[in-house]
Amino acid sequence: MTYERQTKITRVIIKAAVLMLEHGAESILVEQTAQRLGKALGVRSVEVSLIPSAIVLSTLDENRQSVTTTRRVHHKAINMSMVCDLQKIVIDTEKNSYDIEFVKKGLKELKPNYYNRWLIVLMVGFACASFAVLQGANLISFLITFIASSFGMFIRQELSKRNFVQIIIFGVTAFSVTSISSISYLFPSANTNIVLASSVILLVPGFAFVNSFLDALKGYLSMGWGRWLEGTLLTVATSIGIILAMTVLNIKGW
Amino acid sequence: MLDLITNFMFAAFASTGFAMLFNVPKYALIYCFFGGAISHITREFFMYGFNFSIEFSTFISATLIGVIAFYFSRKNVIPRPVYTVASIIPLIPGTYAFTAMITLVDMNSHGINPELTALFLENFLKSVSILGAISFGIALPSLYFIRHKKPIL
């Protein structure tokens with residue numbers, strides 16, 4: 001294999017790996033994807049080193065010629081459709097032994113499947129309200145939760161559009177959600193605790209925590225710590241937002 | 001029976017909403033819908049049918065979700081976290097964690113007293129153990145299959 005061709009292959013593989021890690025795939029999936037893609041494209045082995053902020057990847061061909069490259073990873077919003085589509089490309093390449101141009105084209109044409117933003121606002125509001133019902137909320141609590149978290153989702157989308165840091169997005173959203181959901185103190189029949197707790201459920205960093213556990217248990221300890229810290233920071237930001245809102249509104253005499 | 005159906009629907013919609021937040025592809029949404037319902041119903045079933053503790057019931061239902069997701073993912077060629085993370089949303093101990101946080105702030109501003117401390121510890125331990133049960137439950141099935149040394153998909 002010529003050096004140029006191997007470099008080309010390495011670039012494509014690391015592009016796929018970076019996309020996967022950026023959109024929230026677990027580490028074992030990233031490594032397997034890189035290795036399978038490498039096998040399918042004709043290099044002998046692919047070795048991957050993952051840290052939360054970068055990927056280092058080496059390919060070896062049959063003459064032990066090695067190409068190594070590093071890419072920075074910028075964590076983006078969780079997007080599972082990207083991960084699924086990437087997986088499809090890899091499996092297609094493996095099955096039909098497509099060449100490198102197919103993969104390149106596929107990666108270029110990859111588009112995140114965005115749902116209509118108002119549909120997401122409504123659905124997330126409804127999801128948080130449903131969560132409240134599962135915790136034992138009544139009708140009025142259901143409605144307040146629905147309004148508060150729909151509005152929170154709207155704010156989150158607006159802030160994401162302006163490319164703020166995740167921590168700020170979470171804090172501000174938590175602040176506004178709690179401010180709105182504290183309307184429930186005006187209704188004596190509402191279950192205030194449940195309303196306040198359920199309307200901020202949309203800010204739970206579920207993927208960060210689940211991925212951190214899965215990574216750590218499968219042997220990617222540094223990735224596990226990184227993701228755990230990410231999740232914890234977001235949770236702390238959310239808590240600060242909630243506490244700030246309650247202090248400002250002077251709920252419970254703080 | 002009516003209670004069961006409403007619980008089923010609400011848990012299912014909670015999961016679907018979060019699945020859309022994570023941009024799960026359209027054809028996988030239906031699995032998240034049923035996944036959320038299954039996880040919640042299983043937990044209720046073990047909690048009230050067998051009088052198991054909430055942590056253990058959560059663990060069982062998270063494990064079940066992990067196993068089911070394994071078959072779904074083989075069938076549809078989709079990574080497992082796509083289903084599992086959305087499906088466990090109804091199990092999250094939201095109220096416990098929230099109460100723990102609120103009591104912590106309360107202790108800071110009103111002084112520490114035994115009642116608040118007890119309330120805090122109780123809620124904190126509950127939420128931590130439920131979260132631990134969820135994560136171990138999800139991870140367990142994939143750890144079982146990992147010894148085969150070949151990719152699951």
# chains A, B, ... in the order shown; residues from 1 in each chain; ligands from 1

call {"tool": "interface_residues", "arguments": {"of": "chain B", "to": "chain A", "cutoff": "9 Å", "atoms": "only C-alpha atoms", "output": "NGL selection string"}}
result
:B and (7 or 9-26 or 40 or 77-79 or 81-82 or 85-86 or 89-90 or 92 or 94-99 or 101-102 or 105-106 or 109-110 or 134-136 or 138-139 or 142-143 or 146 or 151)

call {"tool": "select_by_dssp", "arguments": {"residues": "range 63-101 of chain B", "states": "alpha helix (DSSP H)", "output": "ChimeraX atom specification"}}
result
/B:63-76,81-87,94-101

call {"tool": "residues_around", "arguments": {"residues": "Leu125 in chain B", "least_positions_apart": "4", "cutoff": "10 Å", "atoms": "only C-alpha atoms", "output": "list in words"}}
result
Tyr96, Ala97, Ala100, Phe120, Leu121, Ser129, Ile130 and Leu131 of chain B

call {"tool": "write_last_selection", "arguments": {"atoms": "N, CA and C atoms", "output": "mmCIF file, in the first residue's frame"}}
result
data_model
loop_
_atom_site.group_PDB
_atom_site.id
_atom_site.type_symbol
_atom_site.label_atom_id
_atom_site.label_comp_id
_atom_site.auth_asym_id
_atom_site.auth_seq_id
_atom_site.Cartn_x
_atom_site.Cartn_y
_atom_site.Cartn_z
ATOM 1 N N TYR B 96 -36.601 12.860 44.439
ATOM 2 C CA TYR B 96 -35.639 12.608 45.518
ATOM 3 C C TYR B 96 -34.441 13.552 45.415
ATOM 4 N N ALA B 97 -33.863 13.607 44.201
ATOM 5 C CA ALA B 97 -32.673 14.438 44.017
ATOM 6 C C ALA B 97 -32.996 15.897 44.291
ATOM 7 N N ALA B 100 -33.365 16.522 48.003
ATOM 8 C CA ALA B 100 -32.054 16.505 48.651
ATOM 9 C C ALA B 100 -31.363 17.852 48.467
ATOM 10 N N PHE B 120 -32.308 15.187 54.328
ATOM 11 C CA PHE B 120 -31.304 15.256 53.278
ATOM 12 C C PHE B 120 -30.673 13.894 53.015
ATOM 13 N N LEU B 121 -30.220 13.251 54.096
ATOM 14 C CA LEU B 121 -29.532 11.969 53.929
ATOM 15 C C LEU B 121 -30.437 10.942 53.266
ATOM 16 N N SER B 129 -28.661 5.760 45.118
ATOM 17 C CA SER B 129 -28.751 4.315 44.902
ATOM 18 C C SER B 129 -29.621 3.990 43.695
ATOM 19 N N ILE B 130 -30.661 4.804 43.454
ATOM 20 C CA ILE B 130 -31.480 4.533 42.265
ATOM 21 C C ILE B 130 -30.680 4.811 40.998
ATOM 22 N N LEU B 131 -29.914 5.912 41.006
ATOM 23 C CA LEU B 131 -29.091 6.204 39.827
ATOM 24 C C LEU B 131 -28.071 5.100 39.593
#

call {"tool": "residues_around", "arguments": {"residues": "Ala54 in chain A", "least_positions_apart": "6", "cutoff": "10 Å", "atoms": "only C-alpha atoms", "output": "MDAnalysis selection string"}}
result
chainID A and resid 18 21:22 70:74

call {"tool": "atom_distance", "arguments": {"atom1": "CA of Ile5 in chain B", "atom2": "CA of Ala62 in chain B"}}
result
20.5 Å

call {"tool": "residues_around", "arguments": {"residues": "range 94-106 of chain A", "least_positions_apart": "4", "cutoff": "8 Å", "atoms": "only C-alpha atoms", "output": "JSON, numbers by chain"}}
result
{"A": [9, 12, 36, 37, 40, 41, 89, 90, 110]}
